[in-house]
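Text of the file structure_32.pdb, holding PDB, C-alpha atoms, pLDDT in the B column:
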```pdb
ATOM      1  CA  ALA A   1      -9.345   7.962 -17.106  1.00 64.00           C
ATOM      2  CA  LEU A   2      -9.927   9.383 -20.567  1.00 69.00           C
ATOM      3  CA  TYR A   3     -10.539   6.778 -23.287  1.00 72.00           C
ATOM      4  CA  GLY A   4      -9.131   4.173 -20.917  1.00 78.00           C
ATOM      5  CA  ILE A   5      -5.857   6.077 -20.434  1.00 75.00           C
ATOM      6  CA  GLU A   6      -4.935   6.945 -16.855  1.00 77.00           C
ATOM      7  CA  ALA A   7      -5.006  10.682 -16.080  1.00 75.00           C
ATOM      8  CA  ASP A   8      -1.333  10.813 -15.073  1.00 73.00           C
ATOM      9  CA  ARG A   9      -0.385   9.685 -18.615  1.00 70.00           C
ATOM     10  CA  ILE A  10      -2.320  12.499 -20.340  1.00 74.00           C
ATOM     11  CA  VAL A  11      -0.882  15.994 -20.743  1.00 71.00           C
ATOM     12  CA  PHE A  12      -2.566  18.978 -22.378  1.00 74.00           C
ATOM     13  CA  ILE A  13       0.076  21.385 -23.690  1.00 72.00           C
ATOM     14  CA  GLN A  14      -0.810  24.874 -24.799  1.00 70.00           C
ATOM     15  CA  ALA A  15       1.758  25.526 -27.511  1.00 71.00           C
ATOM     16  CA  ASP A  16       2.360  25.275 -31.228  1.00 74.00           C
ATOM     17  CA  ALA A  17       2.172  21.476 -31.452  1.00 78.00           C
ATOM     18  CA  VAL A  18       4.061  21.384 -34.754  1.00 81.00           C
ATOM     19  CA  SER A  19       6.986  23.347 -33.287  1.00 79.00           C
ATOM     20  CA  ALA A  20       6.931  21.249 -30.112  1.00 81.00           C
ATOM     21  CA  MET A  21       7.092  18.045 -32.192  1.00 83.00           C
ATOM     22  CA  LYS A  22       9.632  19.362 -34.685  1.00 82.00           C
ATOM     23  CA  TYR A  23      12.076  20.924 -32.224  1.00 80.00           C
ATOM     24  CA  GLY A  24      11.260  19.126 -28.977  1.00 81.00           C
ATOM     25  CA  TYR A  25      11.676  15.450 -29.897  1.00 84.00           C
ATOM     26  CA  PHE A  26      14.103  13.205 -31.740  1.00 80.00           C
ATOM     27  CA  ASN A  27      13.609   9.439 -32.138  1.00 80.00           C
ATOM     28  CA  GLY A  28      10.881   9.424 -29.514  1.00 79.00           C
ATOM     29  CA  LYS A  29      12.872  11.224 -26.816  1.00 83.00           C
ATOM     30  CA  CYS A  30      12.356  14.752 -25.551  1.00 84.00           C
ATOM     31  CA  ILE A  31      15.355  16.980 -26.262  1.00 82.00           C
ATOM     32  CA  MET A  32      13.801  19.891 -24.346  1.00 73.00           C
ATOM     33  CA  PRO A  33      14.280  19.118 -20.640  1.00 59.00           C
ATOM     34  CA  ALA A  34      11.493  20.169 -18.307  1.00 52.00           C
ATOM     35  CA  SER A  35      12.140  23.566 -16.786  1.00 47.00           C
ATOM     36  CA  ARG A  36      10.157  22.820 -13.625  1.00 44.00           C
ATOM     37  CA  PRO A  37       8.016  20.086 -12.169  1.00 47.00           C
ATOM     38  CA  SER A  38       4.273  20.408 -12.551  1.00 44.00           C
ATOM     39  CA  THR A  39       2.380  21.894  -9.633  1.00 47.00           C
ATOM     40  CA  ASP A  40      -1.215  21.869  -8.496  1.00 46.00           C
ATOM     41  CA  GLN A  41      -1.790  25.076 -10.491  1.00 43.00           C
ATOM     42  CA  ASP A  42      -1.004  23.062 -13.638  1.00 42.00           C
ATOM     43  CA  LYS A  43      -3.836  20.635 -12.894  1.00 46.00           C
ATOM     44  CA  GLY A  44      -7.153  20.871 -14.678  1.00 47.00           C
ATOM     45  CA  VAL A  45     -10.378  19.077 -13.912  1.00 46.00           C
ATOM     46  CA  ASP A  46     -12.528  17.373 -16.511  1.00 45.00           C
ATOM     47  CA  GLY A  47     -16.222  18.183 -16.568  1.00 47.00           C
ATOM     48  CA  ASN A  48     -17.434  14.734 -15.521  1.00 46.00           C
ATOM     49  CA  SER A  49     -15.411  13.867 -12.432  1.00 47.00           C
ATOM     50  CA  THR A  50     -12.653  15.005 -10.128  1.00 47.00           C
ATOM     51  CA  THR A  51      -9.926  13.536 -12.363  1.00 56.00           C
ATOM     52  CA  ARG A  52      -7.030  15.926 -12.668  1.00 69.00           C
ATOM     53  CA  TYR A  53      -4.999  16.337 -15.864  1.00 72.00           C
ATOM     54  CA  ASN A  54      -1.740  18.213 -16.331  1.00 73.00           C
ATOM     55  CA  ILE A  55      -2.306  21.435 -18.251  1.00 76.00           C
ATOM     56  CA  GLY A  56       0.499  23.818 -19.110  1.00 75.00           C
ATOM     57  CA  GLY A  57       3.218  24.758 -21.536  1.00 76.00           C
ATOM     58  CA  LEU A  58       6.340  23.194 -22.988  1.00 75.00           C
ATOM     59  CA  GLU A  59       7.687  22.425 -19.508  1.00 76.00           C
ATOM     60  CA  LEU A  60       5.171  19.580 -19.332  1.00 77.00           C
ATOM     61  CA  LEU A  61       6.432  17.738 -22.419  1.00 78.00           C
ATOM     62  CA  PRO A  62       6.797  14.059 -21.506  1.00 79.00           C
ATOM     63  CA  PRO A  63      10.277  12.470 -21.690  1.00 82.00           C
ATOM     64  CA  ARG A  64       9.162  10.200 -24.534  1.00 82.00           C
ATOM     65  CA  ILE A  65       6.163   9.723 -26.778  1.00 82.00           C
ATOM     66  CA  ASP A  66       4.783   6.308 -27.715  1.00 83.00           C
ATOM     67  CA  ALA A  67       2.366   7.449 -30.421  1.00 84.00           C
ATOM     68  CA  VAL A  68       0.966  10.586 -32.055  1.00 86.00           C
ATOM     69  CA  PHE A  69      -2.678  11.232 -32.958  1.00 87.00           C
ATOM     70  CA  LEU A  70      -3.164  13.861 -35.664  1.00 85.00           C
ATOM     71  CA  SER A  71      -6.485  15.470 -36.458  1.00 84.00           C
ATOM     72  CA  PRO A  72      -5.556  18.509 -38.537  1.00 80.00           C
ATOM     73  CA  PRO A  73      -8.084  20.942 -39.978  1.00 75.00           C
ATOM     74  CA  TRP A  74      -9.292  19.582 -43.312  1.00 70.00           C
ATOM     75  CA  GLY A  75      -9.627  22.938 -45.021  1.00 64.00           C
ATOM     76  CA  GLY A  76     -13.097  24.077 -44.047  1.00 63.00           C
ATOM     77  CA  LEU A  77     -16.576  22.969 -44.974  1.00 63.00           C
ATOM     78  CA  ASP A  78     -15.738  22.494 -48.631  1.00 68.00           C
ATOM     79  CA  TYR A  79     -13.239  19.630 -48.148  1.00 69.00           C
ATOM     80  CA  GLY A  80     -15.794  17.370 -49.838  1.00 68.00           C
ATOM     81  CA  SER A  81     -15.718  19.494 -52.988  1.00 75.00           C
ATOM     82  CA  THR A  82     -12.401  17.866 -53.953  1.00 74.00           C
ATOM     83  CA  GLY A  83     -14.284  14.795 -55.211  1.00 73.00           C
ATOM     84  CA  LYS A  84     -14.503  11.139 -54.265  1.00 76.00           C
ATOM     85  CA  GLN A  85     -10.727  10.552 -54.041  1.00 77.00           C
ATOM     86  CA  GLY A  86      -9.546  14.124 -54.513  1.00 83.00           C
ATOM     87  CA  TYR A  87      -8.417  15.114 -51.024  1.00 89.00           C
ATOM     88  CA  ASP A  88      -4.631  15.489 -51.185  1.00 91.00           C
ATOM     89  CA  VAL A  89      -2.844  15.796 -47.835  1.00 89.00           C
ATOM     90  CA  ALA A  90      -0.041  17.923 -49.337  1.00 91.00           C
ATOM     91  CA  LYS A  91      -2.396  20.385 -51.052  1.00 89.00           C
ATOM     92  CA  ASN A  92      -5.439  20.513 -48.772  1.00 87.00           C
ATOM     93  CA  ILE A  93      -3.914  20.673 -45.266  1.00 86.00           C
ATOM     94  CA  LYS A  94      -2.183  23.923 -44.345  1.00 87.00           C
ATOM     95  CA  LEU A  95      -1.234  24.686 -40.744  1.00 85.00           C
ATOM     96  CA  GLU A  96      -0.355  28.293 -40.002  1.00 81.00           C
ATOM     97  CA  PRO A  97       2.135  29.030 -37.186  1.00 75.00           C
ATOM     98  CA  TRP A  98       0.564  29.515 -33.771  1.00 67.00           C
ATOM     99  CA  ASN A  99       1.306  32.983 -32.460  1.00 62.00           C
ATOM    100  CA  LYS A 100       0.652  32.656 -28.725  1.00 53.00           C
ATOM    101  CA  PRO A 101       4.000  32.595 -26.879  1.00 52.00           C
ATOM    102  CA  THR A 102       4.706  29.576 -24.685  1.00 49.00           C
ATOM    103  CA  LYS A 103       8.008  29.381 -22.829  1.00 53.00           C
ATOM    104  CA  GLY A 104      10.250  26.342 -22.453  1.00 52.00           C
ATOM    105  CA  VAL A 105      13.888  25.283 -22.375  1.00 51.00           C
ATOM    106  CA  SER A 106      15.797  23.937 -25.380  1.00 49.00           C
ATOM    107  CA  GLY A 107      17.985  20.823 -25.341  1.00 50.00           C
ATOM    108  CA  THR A 108      21.003  23.091 -24.780  1.00 52.00           C
ATOM    109  CA  GLY A 109      19.354  24.770 -21.783  1.00 53.00           C
ATOM    110  CA  GLU A 110      18.550  27.989 -23.643  1.00 54.00           C
ATOM    111  CA  PRO A 111      15.126  29.517 -22.947  1.00 54.00           C
ATOM    112  CA  ILE A 112      12.876  29.420 -26.018  1.00 51.00           C
ATOM    113  CA  SER A 113       9.226  29.800 -26.823  1.00 52.00           C
ATOM    114  CA  ALA A 114       7.048  27.808 -29.196  1.00 48.00           C
ATOM    115  CA  THR A 115       6.934  30.869 -31.419  1.00 47.00           C
ATOM    116  CA  SER A 116      10.626  31.791 -31.186  1.00 42.00           C
ATOM    117  CA  VAL A 117      11.268  29.334 -33.988  1.00 50.00           C
ATOM    118  CA  SER A 118       9.729  31.144 -36.921  1.00 56.00           C
ATOM    119  CA  ARG A 119       8.292  28.183 -38.754  1.00 63.00           C
ATOM    120  CA  GLN A 120       6.573  28.327 -42.092  1.00 82.00           C
ATOM    121  CA  VAL A 121       3.165  26.952 -43.032  1.00 86.00           C
ATOM    122  CA  VAL A 122       3.202  23.158 -42.750  1.00 89.00           C
ATOM    123  CA  ASP A 123       1.244  20.997 -45.176  1.00 91.00           C
ATOM    124  CA  GLY A 124      -0.218  17.575 -44.384  1.00 91.00           C
ATOM    125  CA  GLU A 125       2.718  15.746 -45.929  1.00 94.00           C
ATOM    126  CA  GLU A 126       5.294  17.573 -43.823  1.00 93.00           C
ATOM    127  CA  LEU A 127       3.051  17.170 -40.759  1.00 92.00           C
ATOM    128  CA  LEU A 128       3.259  13.376 -41.146  1.00 93.00           C
ATOM    129  CA  GLN A 129       7.059  13.598 -41.497  1.00 93.00           C
ATOM    130  CA  ILE A 130       7.343  15.664 -38.320  1.00 91.00           C
ATOM    131  CA  ALA A 131       4.989  13.404 -36.350  1.00 90.00           C
ATOM    132  CA  SER A 132       6.765  10.232 -37.483  1.00 91.00           C
ATOM    133  CA  ASN A 133      10.036  11.546 -36.020  1.00 88.00           C
ATOM    134  CA  VAL A 134       8.437  12.163 -32.627  1.00 87.00           C
ATOM    135  CA  SER A 135       7.615   8.548 -31.840  1.00 83.00           C
ATOM    136  CA  GLU A 136      10.522   6.107 -31.629  1.00 82.00           C
ATOM    137  CA  ARG A 137       8.580   3.469 -33.578  1.00 86.00           C
ATOM    138  CA  LYS A 138       6.885   5.954 -35.950  1.00 88.00           C
ATOM    139  CA  ARG A 139       3.418   5.229 -34.541  1.00 88.00           C
ATOM    140  CA  VAL A 140       1.092   7.836 -36.003  1.00 90.00           C
ATOM    141  CA  VAL A 141      -2.689   7.807 -36.344  1.00 90.00           C
ATOM    142  CA  TYR A 142      -3.798  10.345 -38.947  1.00 89.00           C
ATOM    143  CA  PHE A 143      -7.511  11.243 -38.851  1.00 90.00           C
ATOM    144  CA  LEU A 144      -8.406  12.294 -42.394  1.00 89.00           C
ATOM    145  CA  PRO A 145     -11.587  12.648 -44.465  1.00 88.00           C
ATOM    146  CA  ARG A 146     -12.939   9.594 -46.255  1.00 85.00           C
ATOM    147  CA  ASN A 147     -12.259  11.159 -49.667  1.00 88.00           C
ATOM    148  CA  THR A 148      -8.488  11.181 -49.025  1.00 91.00           C
ATOM    149  CA  ASN A 149      -6.493  10.173 -52.074  1.00 92.00           C
ATOM    150  CA  GLY A 150      -4.643   6.971 -51.142  1.00 92.00           C
ATOM    151  CA  ILE A 151      -1.810   7.701 -53.565  1.00 92.00           C
ATOM    152  CA  SER A 152      -1.122  11.124 -52.030  1.00 93.00           C
ATOM    153  CA  LEU A 153      -1.190   9.580 -48.551  1.00 94.00           C
ATOM    154  CA  GLY A 154       1.135   6.796 -49.720  1.00 94.00           C
ATOM    155  CA  ARG A 155       3.585   9.366 -51.105  1.00 94.00           C
ATOM    156  CA  ALA A 156       3.474  11.266 -47.818  1.00 94.00           C
ATOM    157  CA  ALA A 157       4.121   8.019 -45.904  1.00 95.00           C
ATOM    158  CA  LEU A 158       7.129   7.182 -48.115  1.00 95.00           C
ATOM    159  CA  LYS A 159       8.588  10.676 -47.589  1.00 94.00           C
ATOM    160  CA  ALA A 160       8.101  10.220 -43.832  1.00 93.00           C
ATOM    161  CA  GLY A 161      10.152   7.019 -43.934  1.00 92.00           C
ATOM    162  CA  TYR A 162       7.407   4.411 -43.774  1.00 92.00           C
ATOM    163  CA  ARG A 163       7.946   1.197 -45.710  1.00 91.00           C
ATOM    164  CA  GLY A 164       5.494  -1.629 -46.295  1.00 86.00           C
ATOM    165  CA  SER A 165       1.752  -1.171 -46.148  1.00 84.00           C
ATOM    166  CA  ILE A 166      -0.431   1.517 -44.590  1.00 83.00           C
ATOM    167  CA  GLU A 167      -4.001   1.056 -43.469  1.00 84.00           C
ATOM    168  CA  MET A 168      -6.843   3.349 -44.492  1.00 85.00           C
ATOM    169  CA  GLU A 169     -10.350   2.912 -43.081  1.00 82.00           C
TER
END
```
Take the structure in the file and give it back as structure tokens.
Amino acid sequence: ALYGIEADRIVFIQADAVSAMKYGYFNGKCIMPASRPSTDQDKGVDGNSTTRYNIGGLELLPPRIDAVFLSPPWGGLDYGSTGKQGYDVAKNIKLEPWNKPTKGVSGTGEPISATSVSRQVVDGEELLQIASNVSERKRVVYFLPRNTNGISLGRAALKAGYRGSIEME
């Protein structure tokens, strides 16, 4: 188990995660059917035991996702230079497209790759919108620096469809 989660419930997917979330899921359900079942070659071993985890490409996407954990790059070592409450998720997080091809099958059965969809740079606000559409109940944990501006995060949450309160620690 990893963090108390059984190994058969953990999948490591080598792909552009933003494209996989944006084009692979809708309302918590995978719209990209698996192209093949996982095999023993897809299994990886953690460094501490003989636990085996599924490792592969888009074919290993689970049928549904309960929650999403985001830990995007914060913009380098100078993220603290934005001031005490100056870190803005829309301005300071920029995710470039991932250029390593990973094959899969679209919801219509057409072969695609994670890079066949030429996506643009995604900022932290759009990343939250994409992630919130992956989980049926919009469960997203967003790991951000402590100097994150609560107003900018609140605006991002509203654009992503969240209503009510959000929790920042």
Which residues are close to Val122 in chain A, i.e. within 12 Å by only C-alpha atoms, leaving aside same-chain residues fewer than 3 positions away? Reply as a PyMOL selection string.
chain A and resi 16-19+22+72-73+89-98+118-119+125-131
Calculate how many Å separate CA of Leu144 in chain A from CA of Gly164 in chain A, rounding to one decimal.
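Spanning CA of Leu144 in chain A to CA of Gly164 in chain A is a straight-line distance of 20.1 Å.
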Using the chain letters and residue numbers of this document, give as a PyMOL selection string the residues selected by the PyMOL selection byres ((chain A and resi 88) around 12).
chain A and resi 74-75+79-87+89-94+123-125+144-156
Writer output for current selection, C-alpha atoms, as a PDB file, in the frame of the given file:
```pdb
ATOM      1  CA  TRP A  74      -9.292  19.582 -43.312  1.00 70.00           C
ATOM      2  CA  GLY A  75      -9.627  22.938 -45.021  1.00 64.00           C
ATOM      3  CA  TYR A  79     -13.239  19.630 -48.148  1.00 69.00           C
ATOM      4  CA  GLY A  80     -15.794  17.370 -49.838  1.00 68.00           C
ATOM      5  CA  SER A  81     -15.718  19.494 -52.988  1.00 75.00           C
ATOM      6  CA  THR A  82     -12.401  17.866 -53.953  1.00 74.00           C
ATOM      7  CA  GLY A  83     -14.284  14.795 -55.211  1.00 73.00           C
ATOM      8  CA  LYS A  84     -14.503  11.139 -54.265  1.00 76.00           C
ATOM      9  CA  GLN A  85     -10.727  10.552 -54.041  1.00 77.00           C
ATOM     10  CA  GLY A  86      -9.546  14.124 -54.513  1.00 83.00           C
ATOM     11  CA  TYR A  87      -8.417  15.114 -51.024  1.00 89.00           C
ATOM     12  CA  VAL A  89      -2.844  15.796 -47.835  1.00 89.00           C
ATOM     13  CA  ALA A  90      -0.041  17.923 -49.337  1.00 91.00           C
ATOM     14  CA  LYS A  91      -2.396  20.385 -51.052  1.00 89.00           C
ATOM     15  CA  ASN A  92      -5.439  20.513 -48.772  1.00 87.00           C
ATOM     16  CA  ILE A  93      -3.914  20.673 -45.266  1.00 86.00           C
ATOM     17  CA  LYS A  94      -2.183  23.923 -44.345  1.00 87.00           C
ATOM     18  CA  ASP A 123       1.244  20.997 -45.176  1.00 91.00           C
ATOM     19  CA  GLY A 124      -0.218  17.575 -44.384  1.00 91.00           C
ATOM     20  CA  GLU A 125       2.718  15.746 -45.929  1.00 94.00           C
ATOM     21  CA  LEU A 144      -8.406  12.294 -42.394  1.00 89.00           C
ATOM     22  CA  PRO A 145     -11.587  12.648 -44.465  1.00 88.00           C
ATOM     23  CA  ARG A 146     -12.939   9.594 -46.255  1.00 85.00           C
ATOM     24  CA  ASN A 147     -12.259  11.159 -49.667  1.00 88.00           C
ATOM     25  CA  THR A 148      -8.488  11.181 -49.025  1.00 91.00           C
ATOM     26  CA  ASN A 149      -6.493  10.173 -52.074  1.00 92.00           C
ATOM     27  CA  GLY A 150      -4.643   6.971 -51.142  1.00 92.00           C
ATOM     28  CA  ILE A 151      -1.810   7.701 -53.565  1.00 92.00           C
ATOM     29  CA  SER A 152      -1.122  11.124 -52.030  1.00 93.00           C
ATOM     30  CA  LEU A 153      -1.190   9.580 -48.551  1.00 94.00           C
ATOM     31  CA  GLY A 154       1.135   6.796 -49.720  1.00 94.00           C
ATOM     32  CA  ARG A 155       3.585   9.366 -51.105  1.00 94.00           C
ATOM     33  CA  ALA A 156       3.474  11.266 -47.818  1.00 94.00           C
TER      34      ALA A 156
END
```
May I ask for the distance between CA of Ala160 in chain A and CA of Gly57 in chain A, given in Å to one decimal place?
27.1 Å
Can you pull out the residues contacting Ala67 in chain A? Cut-off 10 Å, using all atoms listed in the file, and skip same-chain residues under 5 positions away; I want them as number ranges by chain.
A: 28, 131-132, 134-141
List as number ranges by chain: which residues have an atom within 8 Å of (-3.1, 16.1, -19.9), counting only C-alpha atoms?
A: 7-13, 53-55
